[in-house]
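> What follows is the file model_36.cif, containing mmCIF, C-alpha atoms:
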```cif
data_upload
#
loop_
_atom_site.label_atom_id
_atom_site.label_comp_id
_atom_site.auth_asym_id
_atom_site.auth_seq_id
_atom_site.Cartn_x
_atom_site.Cartn_y
_atom_site.Cartn_z
CA MET Y 442 -200.94 -166.81 123.70
CA ARG Y 443 -198.52 -164.47 125.38
CA ARG Y 444 -195.60 -166.42 123.86
CA TYR Y 445 -196.97 -166.00 120.33
CA PHE Y 446 -197.54 -162.31 120.90
CA THR Y 447 -193.97 -161.85 122.14
CA SER Y 448 -192.54 -163.70 119.13
CA PHE Y 449 -194.63 -161.60 116.76
CA PHE Y 450 -193.49 -158.40 118.47
CA VAL Y 451 -189.78 -159.37 118.22
CA LEU Y 452 -190.24 -160.28 114.55
CA MET Y 453 -191.76 -156.88 113.82
CA ILE Y 454 -188.84 -155.08 115.49
CA LEU Y 455 -186.29 -157.04 113.47
CA THR Y 456 -188.15 -156.34 110.23
CA VAL Y 457 -188.25 -152.61 110.89
CA THR Y 458 -184.55 -152.55 111.81
CA ILE Y 459 -183.47 -154.45 108.70
CA HIS Y 460 -185.39 -152.10 106.43
CA ALA Y 461 -184.27 -148.99 108.27
CA VAL Y 462 -180.49 -149.53 107.91
CA PRO Y 463 -180.33 -149.56 104.09
CA GLN Y 464 -182.70 -146.59 103.96
CA LYS Y 465 -180.39 -144.62 106.23
CA THR Y 466 -177.38 -145.45 104.09
CA LYS Y 467 -179.28 -144.48 100.98
CA ASP Y 468 -180.28 -141.16 102.51
CA GLN Y 469 -176.66 -140.45 103.44
CA ALA Y 470 -175.57 -141.18 99.87
CA LYS Y 471 -178.13 -138.68 98.58
CA MET Y 472 -176.62 -136.02 100.84
CA ILE Y 473 -173.23 -136.25 99.11
CA GLN Y 474 -173.02 -133.86 96.17
CA THR Y 475 -170.77 -135.14 93.40
CA VAL Y 476 -168.83 -132.79 91.11
CA LYS Y 477 -167.76 -134.19 87.76
CA THR Y 478 -164.41 -132.60 86.92
CA GLY Y 479 -162.28 -132.61 83.78
CA VAL Y 480 -159.06 -130.98 82.56
CA TYR Y 481 -157.85 -130.03 79.11
CA LEU Y 482 -154.16 -129.14 79.20
CA MET Y 483 -152.99 -126.35 76.91
CA ASN Y 484 -149.36 -125.66 77.82
CA ILE Y 485 -146.56 -126.81 80.11
CA TYR Y 486 -143.44 -124.68 80.16
CA ASP Y 487 -140.61 -123.40 82.33
CA LEU Y 488 -140.17 -126.82 83.91
CA ASP Y 489 -137.45 -126.16 86.50
CA MET Y 490 -135.87 -129.17 88.21
CA SER Y 491 -133.76 -127.02 90.51
CA SER Y 492 -136.86 -125.39 92.06
CA ASN Y 493 -139.17 -128.42 91.74
CA SER Y 494 -141.80 -126.44 89.86
CA PHE Y 495 -143.43 -125.93 86.47
CA TYR Y 496 -145.80 -123.50 84.78
CA LEU Y 497 -149.19 -124.77 83.63
CA ASP Y 498 -151.96 -123.43 81.43
CA ALA Y 499 -155.19 -125.45 81.32
CA TYR Y 500 -158.98 -125.47 81.14
CA ILE Y 501 -160.75 -127.06 84.12
CA TRP Y 502 -164.50 -127.64 84.13
CA PHE Y 503 -167.04 -128.64 86.77
CA ARG Y 504 -170.53 -130.09 86.42
CA TRP Y 505 -172.76 -130.77 89.41
CA GLN Y 506 -176.34 -131.04 90.67
CA GLY Y 507 -177.09 -129.57 94.05
CA SER Y 508 -177.06 -126.36 96.04
CA ILE Y 509 -173.33 -126.37 96.87
CA ASN Y 510 -171.12 -124.36 94.55
CA PRO Y 511 -167.80 -126.30 94.44
CA LEU Y 512 -165.93 -123.28 93.07
CA ARG Y 513 -166.52 -121.41 96.31
CA LYS Y 514 -163.43 -121.93 98.46
CA LEU Y 515 -161.77 -124.01 95.72
CA GLU Y 516 -158.04 -124.40 96.43
CA PHE Y 517 -155.06 -125.48 94.34
CA LEU Y 518 -153.03 -127.29 96.98
CA ASN Y 519 -149.70 -127.31 95.12
CA ALA Y 520 -149.87 -123.82 93.64
CA VAL Y 521 -146.76 -121.63 93.99
CA ASP Y 522 -147.08 -117.83 94.28
CA LYS Y 523 -150.88 -117.96 94.47
CA TRP Y 524 -151.01 -114.18 94.24
CA GLY Y 525 -149.57 -114.46 90.73
CA MET Y 526 -152.01 -117.10 89.45
CA THR Y 527 -154.60 -116.25 86.82
CA ILE Y 528 -157.99 -117.96 87.26
CA THR Y 529 -160.56 -116.79 84.73
CA PRO Y 530 -164.13 -118.22 84.89
CA GLY Y 531 -165.91 -118.94 81.64
CA TYR Y 532 -169.22 -117.47 82.85
CA GLU Y 533 -170.12 -114.88 85.45
CA THR Y 534 -172.43 -117.40 87.09
CA PRO Y 535 -172.66 -121.18 86.56
CA GLN Y 536 -174.82 -122.21 83.60
CA VAL Y 537 -177.74 -124.61 83.88
CA LEU Y 538 -177.59 -127.38 81.28
CA SER Y 539 -180.47 -129.30 79.72
CA ASP Y 540 -180.14 -132.10 82.29
CA LYS Y 541 -180.61 -129.49 85.09
CA SER Y 542 -176.97 -129.75 86.15
CA ASN Y 543 -174.81 -126.68 86.84
CA TYR Y 544 -171.75 -126.05 84.68
CA GLN Y 545 -168.70 -123.80 84.94
CA TRP Y 546 -165.18 -123.81 83.51
CA LEU Y 547 -161.98 -122.03 84.49
CA ARG Y 548 -158.90 -120.99 82.54
CA VAL Y 549 -156.03 -121.52 84.98
CA GLU Y 550 -152.48 -120.28 84.51
CA GLY Y 551 -149.82 -120.44 87.19
CA ARG Y 552 -146.76 -122.10 88.66
CA PHE Y 553 -147.15 -125.36 90.56
CA TYR Y 554 -144.89 -127.24 92.93
CA GLN Y 555 -143.87 -130.82 92.13
CA PRO Y 556 -141.27 -132.74 94.20
CA PHE Y 557 -139.33 -134.59 91.51
CA ASP Y 558 -137.85 -138.03 92.16
CA LEU Y 559 -134.47 -137.93 90.39
CA SER Y 560 -133.04 -141.24 91.60
CA LYS Y 561 -133.21 -142.64 88.03
CA TYR Y 562 -131.85 -139.53 86.29
CA PRO Y 563 -131.31 -139.31 83.30
CA ILE Y 564 -133.77 -142.09 82.35
CA ASP Y 565 -136.36 -140.90 84.85
CA THR Y 566 -140.11 -140.60 84.42
CA GLN Y 567 -141.85 -137.68 86.13
CA LYS Y 568 -145.45 -136.72 86.91
CA LEU Y 569 -146.61 -133.12 86.69
CA GLN Y 570 -149.66 -132.74 88.92
CA ILE Y 571 -152.28 -130.19 89.88
CA VAL Y 572 -154.29 -130.89 93.02
CA LEU Y 573 -157.77 -129.44 93.67
CA GLU Y 574 -159.71 -129.45 96.91
CA ASN Y 575 -162.70 -127.62 98.35
CA GLN Y 576 -161.79 -126.02 101.68
CA GLU Y 577 -165.33 -125.61 102.94
CA HIS Y 578 -167.01 -128.99 102.50
CA GLU Y 579 -165.76 -132.40 103.59
CA GLU Y 580 -166.18 -135.48 101.43
CA THR Y 581 -169.31 -136.44 103.39
CA THR Y 582 -171.08 -133.54 101.65
CA LEU Y 583 -168.97 -132.83 98.52
CA LYS Y 584 -167.02 -135.30 96.42
CA PHE Y 585 -165.15 -134.93 93.15
CA GLU Y 586 -165.52 -137.43 90.32
CA LYS Y 587 -163.75 -137.92 87.00
CA ASP Y 588 -165.82 -136.62 84.13
CA THR Y 589 -166.10 -139.62 81.83
CA GLN Y 590 -168.74 -138.03 79.58
CA SER Y 591 -166.47 -135.23 78.33
CA GLN Y 592 -163.07 -135.57 76.71
CA SER Y 593 -160.32 -134.65 79.16
CA GLY Y 594 -156.84 -134.64 77.71
CA ILE Y 595 -154.02 -132.53 76.32
CA ARG Y 596 -153.61 -130.30 73.29
CA GLU Y 597 -152.44 -132.36 70.31
CA SER Y 598 -149.59 -130.00 69.45
CA LEU Y 599 -148.36 -129.73 73.04
CA GLN Y 600 -144.61 -130.24 73.37
CA ILE Y 601 -142.29 -130.05 76.35
CA PRO Y 602 -138.71 -129.46 75.14
CA GLY Y 603 -136.41 -132.22 76.37
CA TRP Y 604 -139.25 -134.52 77.35
CA ASP Y 605 -141.55 -137.14 75.81
CA ILE Y 606 -145.21 -137.04 76.85
CA ILE Y 607 -146.58 -140.43 77.94
CA GLN Y 608 -150.16 -139.91 79.12
CA ALA Y 609 -152.51 -137.84 81.26
CA ASP Y 610 -154.81 -139.19 83.95
CA SER Y 611 -157.08 -138.03 86.77
CA ILE Y 612 -157.30 -139.56 90.24
CA ILE Y 613 -159.78 -138.99 93.06
CA LYS Y 614 -158.32 -139.28 96.56
CA SER Y 615 -159.30 -138.62 100.15
CA ASN Y 616 -157.13 -136.13 101.98
CA SER Y 617 -157.28 -136.28 105.79
CA TYR Y 618 -156.22 -133.55 108.22
CA PRO Y 619 -155.77 -134.93 111.78
CA THR Y 620 -156.39 -131.55 113.43
CA ASN Y 621 -159.21 -129.15 114.31
CA PHE Y 622 -157.06 -126.22 113.10
CA GLY Y 623 -157.24 -124.62 116.54
CA ASP Y 624 -161.04 -124.38 116.64
CA THR Y 625 -161.88 -125.67 120.13
CA ASP Y 626 -165.61 -125.70 119.34
CA ILE Y 627 -165.00 -128.55 116.91
CA GLN Y 628 -165.20 -131.86 118.74
CA LYS Y 629 -163.69 -134.12 116.10
CA GLN Y 630 -159.94 -134.11 115.59
CA LYS Y 631 -159.89 -135.32 111.98
CA SER Y 632 -161.33 -133.87 108.77
CA THR Y 633 -161.37 -135.63 105.39
CA TYR Y 634 -161.80 -133.84 102.07
CA SER Y 635 -162.24 -135.08 98.53
CA THR Y 636 -159.23 -134.27 96.33
CA PHE Y 637 -159.06 -134.16 92.54
CA LEU Y 638 -155.57 -134.87 91.18
CA TYR Y 639 -154.67 -134.38 87.51
CA SER Y 640 -151.37 -135.97 86.48
CA LEU Y 641 -149.30 -135.71 83.28
CA SER Y 642 -146.61 -138.39 82.92
CA ILE Y 643 -143.46 -137.45 81.02
CA LYS Y 644 -140.05 -139.06 80.48
CA ARG Y 645 -136.67 -138.04 79.17
CA PRO Y 646 -135.77 -139.32 75.69
CA VAL Y 647 -133.08 -142.01 75.56
CA SER Y 648 -131.07 -139.84 73.16
CA TYR Y 649 -130.47 -137.34 75.98
CA PHE Y 650 -128.79 -140.02 78.06
CA LEU Y 651 -126.77 -141.50 75.18
CA TRP Y 652 -125.54 -138.40 73.39
CA LYS Y 653 -125.57 -135.64 75.99
CA LEU Y 654 -124.26 -137.47 79.06
CA LEU Y 655 -122.86 -140.91 78.22
CA LEU Y 656 -120.94 -140.09 75.02
CA PRO Y 657 -118.62 -137.44 76.60
CA LEU Y 658 -117.89 -139.87 79.44
CA LEU Y 659 -117.07 -142.65 76.96
CA VAL Y 660 -114.58 -140.37 75.20
CA VAL Y 661 -112.89 -139.63 78.52
CA MET Y 662 -112.74 -143.34 79.41
CA LEU Y 663 -111.22 -144.13 76.00
CA SER Y 664 -108.55 -141.55 76.75
CA ASN Y 665 -107.98 -143.26 80.08
CA VAL Y 666 -107.54 -146.80 78.74
CA GLY Y 667 -105.64 -145.48 75.74
CA ALA Y 668 -102.71 -144.75 78.02
CA VAL Y 669 -101.83 -148.46 78.20
CA LEU Y 670 -101.48 -148.56 74.41
CA LEU Y 671 -98.52 -146.22 74.55
CA HIS Y 672 -95.03 -147.69 74.62
CA PRO Y 673 -93.96 -148.47 78.21
CA SER Y 674 -90.99 -146.14 77.81
CA TYR Y 675 -93.31 -143.11 77.62
CA ILE Y 676 -93.93 -143.12 81.34
CA ASP Y 677 -94.83 -139.43 81.68
CA ALA Y 678 -97.48 -139.57 78.94
CA ARG Y 679 -98.92 -142.81 80.31
CA VAL Y 680 -99.36 -141.22 83.74
CA MET Y 681 -100.73 -137.90 82.46
CA MET Y 682 -103.56 -139.44 80.41
CA PRO Y 683 -105.44 -141.03 83.37
CA ALA Y 684 -104.74 -137.95 85.48
CA GLY Y 685 -106.25 -135.72 82.79
CA ALA Y 686 -109.19 -138.11 82.43
CA LEU Y 687 -109.82 -137.89 86.17
CA LEU Y 688 -109.99 -134.09 86.14
CA THR Y 689 -112.20 -134.07 83.05
CA THR Y 690 -114.59 -136.54 84.68
CA VAL Y 691 -114.94 -134.23 87.68
CA PHE Y 692 -115.84 -131.29 85.43
CA LEU Y 693 -118.32 -133.38 83.45
CA GLN Y 694 -120.10 -134.44 86.62
CA GLN Y 695 -120.32 -130.86 87.83
CA SER Y 696 -121.84 -129.78 84.51
CA TYR Y 697 -124.95 -131.98 84.87
CA THR Y 698 -125.34 -131.66 88.65
CA SER Y 699 -125.63 -127.88 88.26
CA ASN Y 700 -129.02 -128.44 86.60
CA LEU Y 701 -130.33 -130.58 89.46
CA PRO Y 702 -131.68 -129.49 92.86
CA ASP Y 703 -129.76 -130.14 96.06
CA ILE Y 704 -130.66 -133.74 96.89
CA GLY Y 705 -129.29 -136.08 99.53
CA TYR Y 706 -129.17 -139.23 97.41
CA MET Y 707 -127.28 -140.48 94.36
CA VAL Y 708 -128.89 -140.52 90.95
CA LEU Y 709 -128.17 -143.11 88.26
CA MET Y 710 -125.61 -140.85 86.58
CA ASP Y 711 -123.74 -140.48 89.87
CA GLN Y 712 -123.45 -144.26 90.13
CA ILE Y 713 -122.01 -144.44 86.62
CA TYR Y 714 -119.48 -141.74 87.49
CA ILE Y 715 -118.43 -143.59 90.64
CA VAL Y 716 -117.61 -146.63 88.48
CA SER Y 717 -115.63 -144.33 86.17
CA TYR Y 718 -113.67 -142.80 89.05
CA ILE Y 719 -112.74 -146.24 90.37
CA LEU Y 720 -111.57 -147.47 86.97
CA ILE Y 721 -109.52 -144.32 86.30
CA ILE Y 722 -107.79 -144.58 89.68
CA VAL Y 723 -107.10 -148.29 89.09
CA SER Y 724 -105.59 -147.36 85.69
CA LEU Y 725 -103.35 -144.81 87.31
CA ILE Y 726 -102.18 -147.31 89.92
CA GLN Y 727 -101.59 -149.96 87.27
CA ILE Y 728 -99.46 -147.61 85.16
CA ILE Y 729 -97.36 -146.58 88.16
CA ILE Y 730 -96.75 -150.22 89.09
CA THR Y 731 -95.80 -151.28 85.54
CA ALA Y 732 -93.52 -148.24 85.24
CA ASN Y 733 -91.27 -149.90 87.83
CA TRP Y 734 -91.16 -153.07 85.73
CA ALA Y 735 -89.99 -151.35 82.57
CA GLN Y 736 -86.21 -151.06 82.37
CA PRO Y 737 -84.55 -148.75 79.85
CA GLU Y 738 -83.35 -150.58 76.72
CA ASP Y 739 -84.74 -153.87 78.05
CA GLU Y 740 -87.20 -155.24 75.49
CA GLU Y 741 -88.11 -158.21 77.63
CA SER Y 742 -89.36 -155.93 80.42
CA PHE Y 743 -91.25 -153.84 77.87
CA GLU Y 744 -92.89 -156.98 76.45
CA LYS Y 745 -93.92 -158.06 79.93
CA VAL Y 746 -95.58 -154.68 80.51
CA ARG Y 747 -97.40 -154.84 77.13
CA LYS Y 748 -98.89 -158.25 77.86
CA TYR Y 749 -100.13 -157.04 81.22
CA ASP Y 750 -101.50 -153.83 79.65
CA TYR Y 751 -103.54 -155.69 77.02
CA LYS Y 752 -105.12 -157.93 79.64
CA PHE Y 753 -105.85 -154.90 81.78
CA LEU Y 754 -107.37 -153.06 78.80
CA GLY Y 755 -109.80 -155.90 78.07
CA ILE Y 756 -110.81 -156.36 81.71
CA GLN Y 757 -111.35 -152.66 82.37
CA SER Y 758 -113.37 -152.10 79.18
CA GLY Y 759 -115.56 -155.09 80.00
CA VAL Y 760 -116.14 -153.98 83.58
CA PHE Y 761 -117.10 -150.48 82.45
CA LEU Y 762 -119.62 -151.63 79.83
CA VAL Y 763 -121.13 -154.36 82.03
CA SER Y 764 -121.47 -151.92 84.94
CA ILE Y 765 -123.34 -149.37 82.81
CA ILE Y 766 -125.69 -151.99 81.39
CA PHE Y 767 -126.36 -153.41 84.85
CA LEU Y 768 -127.06 -150.01 86.41
CA VAL Y 769 -129.40 -148.99 83.59
CA ILE Y 770 -131.34 -152.27 83.75
CA ILE Y 771 -131.94 -152.14 87.51
CA ASN Y 772 -133.09 -148.51 87.23
CA LEU Y 773 -135.53 -149.34 84.43
CA GLU Y 774 -137.44 -151.74 86.66
#
```
Would you mind writing the structure in this file as structure tokens?


Amino acid sequence: MRRYFTSFFVLMILTVTIHAVPQKTKDQAKMIQTVKTGVYLMNIYDLDMSSNSFYLDAYIWFRWQGSINPLRKLEFLNAVDKWGMTITPGYETPQVLSDKSNYQWLRVEGRFYQPFDLSKYPIDTQKLQIVLENQEHEETTLKFEKDTQSQSGIRESLQIPGWDIIQADSIIKSNSYPTNFGDTDIQKQKSTYSTFLYSLSIKRPVSYFLWKLLLPLLVVMLSNVGAVLLHPSYIDARVMMPAGALLTTVFLQQSYTSNLPDIGYMVLMDQIYIVSYILIIVSLIQIIITANWAQPEDEESFEKVRKYDYKFLGIQSGVFLVSIIFLVIINLE
């Protein structure tokens, strides 16, 4: 009898435990207040690559059910010059909608920081982001969600000069801080907050690369290889053309790098210019060598130089074009 009683008692404990665990998890889920968040972008301007920043004008709305006001201690993590930002609420106090949820929207204007990745310049794609986070409540009590019921997006007539707009998207992330911020009364050493990230993807038009940057370089390279088309007797002119092309290439590179921030890596355009420098120097060496072959009033020596020049012209032009195509393809991946 005692054995049956013990078995029954153990079975009762297991049953209570199994039913208690899901209930606890469910209660914890109820404690988390979700905030549905959306963004409607109005303007993007003054996009400055040299300072890694841009100016944004947008509507941001919040809809939630619960006692926590998510706008209290709301922080824009990547805002620049926060004292100069304009944040205008739509209502003096949050409105209560028909479904008993609270609602508030903000008109936000300000400059935001964005570390641009320019390794693929000038065929690069960039993301302009704004990052929101509540400073007061961790994600165990407050969590952002994408508002799928309302239409987030961008103004139809929005244009960013020099850029093509691809798409806009919102992402919810967890942002952890492995510190107690100096508060010794806090036992835990790590805090995690829910982060709302709005991202606008943009890319440079191909025409910028072809006509603004590549075309001037092609003209200079044509001037460089054109030196071998001159008669071998014009030694001074044949030497001066690659030398002039080399100086012009240096100035062209400086003209586009002046618009970029100080970075410690090469961009795609730098790689193309390195190929150009090598080919120009090789041209200069080739012309100096063939100048020693050409003898005054010796047509046979001139003919020998011409044959070598034509082969060199074909090889150098092919190497230049293949190198550009190869570099562009690997940077498009």

> Sorted by chain and rising residue number, which residues of range 668-745 of chain Y lie within 7 Å of range 562-581 of chain Y, and what are their closest atom pairs and distances in Å to one decimal, counting only C-alpha atoms, as CSV?


```
residue,atom,partner,partner_atom,distance
Y:Val708,CA,Y:Tyr562,CA,5.6
Y:Leu709,CA,Y:Tyr562,CA,5.5
Y:Met710,CA,Y:Tyr562,CA,6.4
```

> I need the residue nearest Phe753 in chain Y from this list: Y:Val669, Y:Gln555, Y:Gly525, Y:Leu538. Use all atoms listed in the file for the distance.

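Closest to Phe753 in chain Y of all the choices is Y:Val669.
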
> Return as a ChimeraX atom specification the set of residues that the PyMOL selection byres ((chain Y and resi 718) around 10) yields on the displayed structure.

/Y:662,686-688,690-691,712-717,719-724

> From the set Y:Tyr697, Y:Tyr486, Y:Tyr675, Y:Tyr706, which residue has the shortest atom-to-atom contact distance to Ala732 in chain Y, counting all atoms listed in the file?

Y:Tyr675

> Could you spell out the hits of the PyMOL selection byres ((chain Y and resi 487) around 12) on the shown file, as a ChimeraX atom specification?

/Y:484-486,488-498,551-553,600-603

> Output as JSON lines one row per residue of range 586-676 of chain Y within 12 Å of range 510-516 of chain Y: the closest atom pair and its distance in Å to one decimal place, counting only C-alpha atoms, sorted by chain and residue number ascending.


```
{"residue": "Y:Tyr634", "atom": "CA", "partner": "Y:Glu516", "partner_atom": "CA", "distance": 11.6}
{"residue": "Y:Ser635", "atom": "CA", "partner": "Y:Pro511", "partner_atom": "CA", "distance": 11.2}
{"residue": "Y:Thr636", "atom": "CA", "partner": "Y:Glu516", "partner_atom": "CA", "distance": 9.9}
{"residue": "Y:Phe637", "atom": "CA", "partner": "Y:Glu516", "partner_atom": "CA", "distance": 10.6}
{"residue": "Y:Leu638", "atom": "CA", "partner": "Y:Glu516", "partner_atom": "CA", "distance": 12.0}
```

> Any idea what the distance is between CA of Ile501 in chain Y and CA of Tyr532 in chain Y?

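It comes out at 12.9 Å.
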
> Using all atoms listed in the file, pick whichever of Y:Ile771, Y:Ser640, Y:Glu741, Y:Arg504 has the shortest atom-to-atom distance to Thr589 in chain Y.

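For Thr589 in chain Y, the nearest of the candidates is Y:Arg504.
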
> Tell me which protein, DNA and RNA residues are within 12 Å of Tyr749 in chain Y, counting all atoms listed in the file, leaving out same-chain ones fewer than 2 positions away, and put them as a ChimeraX atom specification.

/Y:669-670,673,724,727-728,730-732,734-735,742-747,751-756

> In Å to one decimal, how far is CA of Trp524 in chain Y from CA of Tyr554 in chain Y?

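Straight-line distance from CA of Tyr554 in chain Y to CA of Trp524 in chain Y works out to 14.5 Å.
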
> Out of Y:Leu641, Y:Val660, Y:Val521, Y:Leu583, which residue has the shortest atom-to-atom distance to Ile595 in chain Y when counting only C-alpha atoms?

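Under the stated criterion, the closest residue is Y:Leu641.
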
> Generate a file for range 741-766 of chain Y, containing N, CA and C atoms, as a compact mmCIF listing (two decimals), in the first residue's frame.


```txt
# COMPACT_ATOMS: atom_id res chain seq x y z
N GLU Y 741 65.29 50.26 -91.64
CA GLU Y 741 65.13 48.91 -91.07
C GLU Y 741 64.97 48.97 -89.55
N SER Y 742 65.72 49.82 -88.89
CA SER Y 742 65.60 49.95 -87.43
C SER Y 742 64.25 50.56 -87.06
N PHE Y 743 63.78 51.52 -87.90
CA PHE Y 743 62.48 52.11 -87.64
C PHE Y 743 61.37 51.07 -87.80
N GLU Y 744 61.49 50.21 -88.80
CA GLU Y 744 60.48 49.18 -89.03
C GLU Y 744 60.46 48.17 -87.89
N LYS Y 745 61.61 47.87 -87.36
CA LYS Y 745 61.70 46.96 -86.22
C LYS Y 745 60.97 47.55 -85.01
N VAL Y 746 61.17 48.85 -84.79
CA VAL Y 746 60.51 49.52 -83.66
C VAL Y 746 59.00 49.54 -83.87
N ARG Y 747 58.54 49.80 -85.10
CA ARG Y 747 57.09 49.85 -85.38
C ARG Y 747 56.43 48.50 -85.08
N LYS Y 748 57.04 47.43 -85.54
CA LYS Y 748 56.46 46.11 -85.30
C LYS Y 748 56.33 45.84 -83.79
N TYR Y 749 57.36 46.19 -83.07
CA TYR Y 749 57.32 46.00 -81.62
C TYR Y 749 56.26 46.90 -80.98
N ASP Y 750 56.13 48.13 -81.47
CA ASP Y 750 55.14 49.07 -80.93
C ASP Y 750 53.71 48.57 -81.13
N TYR Y 751 53.41 48.03 -82.30
CA TYR Y 751 52.06 47.56 -82.58
C TYR Y 751 51.68 46.38 -81.67
N LYS Y 752 52.65 45.47 -81.47
CA LYS Y 752 52.38 44.36 -80.56
C LYS Y 752 52.16 44.88 -79.13
N PHE Y 753 52.99 45.82 -78.75
CA PHE Y 753 52.87 46.40 -77.42
C PHE Y 753 51.53 47.12 -77.25
N LEU Y 754 51.09 47.83 -78.28
CA LEU Y 754 49.82 48.55 -78.24
C LEU Y 754 48.66 47.58 -78.01
N GLY Y 755 48.64 46.47 -78.74
CA GLY Y 755 47.57 45.50 -78.59
C GLY Y 755 47.57 44.85 -77.22
N ILE Y 756 48.77 44.49 -76.73
CA ILE Y 756 48.86 43.82 -75.42
C ILE Y 756 48.44 44.76 -74.30
N GLN Y 757 48.92 46.00 -74.36
CA GLN Y 757 48.61 46.94 -73.27
C GLN Y 757 47.13 47.31 -73.25
N SER Y 758 46.54 47.51 -74.42
CA SER Y 758 45.10 47.83 -74.47
C SER Y 758 44.28 46.67 -73.93
N GLY Y 759 44.65 45.46 -74.30
CA GLY Y 759 43.93 44.28 -73.80
C GLY Y 759 44.05 44.12 -72.31
N VAL Y 760 45.25 44.31 -71.78
CA VAL Y 760 45.47 44.18 -70.34
C VAL Y 760 44.65 45.21 -69.58
N PHE Y 761 44.60 46.44 -70.08
CA PHE Y 761 43.85 47.50 -69.41
C PHE Y 761 42.36 47.19 -69.37
N LEU Y 762 41.78 46.81 -70.49
CA LEU Y 762 40.35 46.52 -70.55
C LEU Y 762 39.98 45.29 -69.72
N VAL Y 763 40.79 44.22 -69.83
CA VAL Y 763 40.52 43.01 -69.07
C VAL Y 763 40.64 43.28 -67.56
N SER Y 764 41.60 44.08 -67.18
CA SER Y 764 41.79 44.39 -65.75
C SER Y 764 40.59 45.14 -65.19
N ILE Y 765 40.08 46.11 -65.94
CA ILE Y 765 38.91 46.87 -65.48
C ILE Y 765 37.70 45.97 -65.34
N ILE Y 766 37.46 45.15 -66.36
CA ILE Y 766 36.31 44.24 -66.31
C ILE Y 766 36.42 43.28 -65.13
```
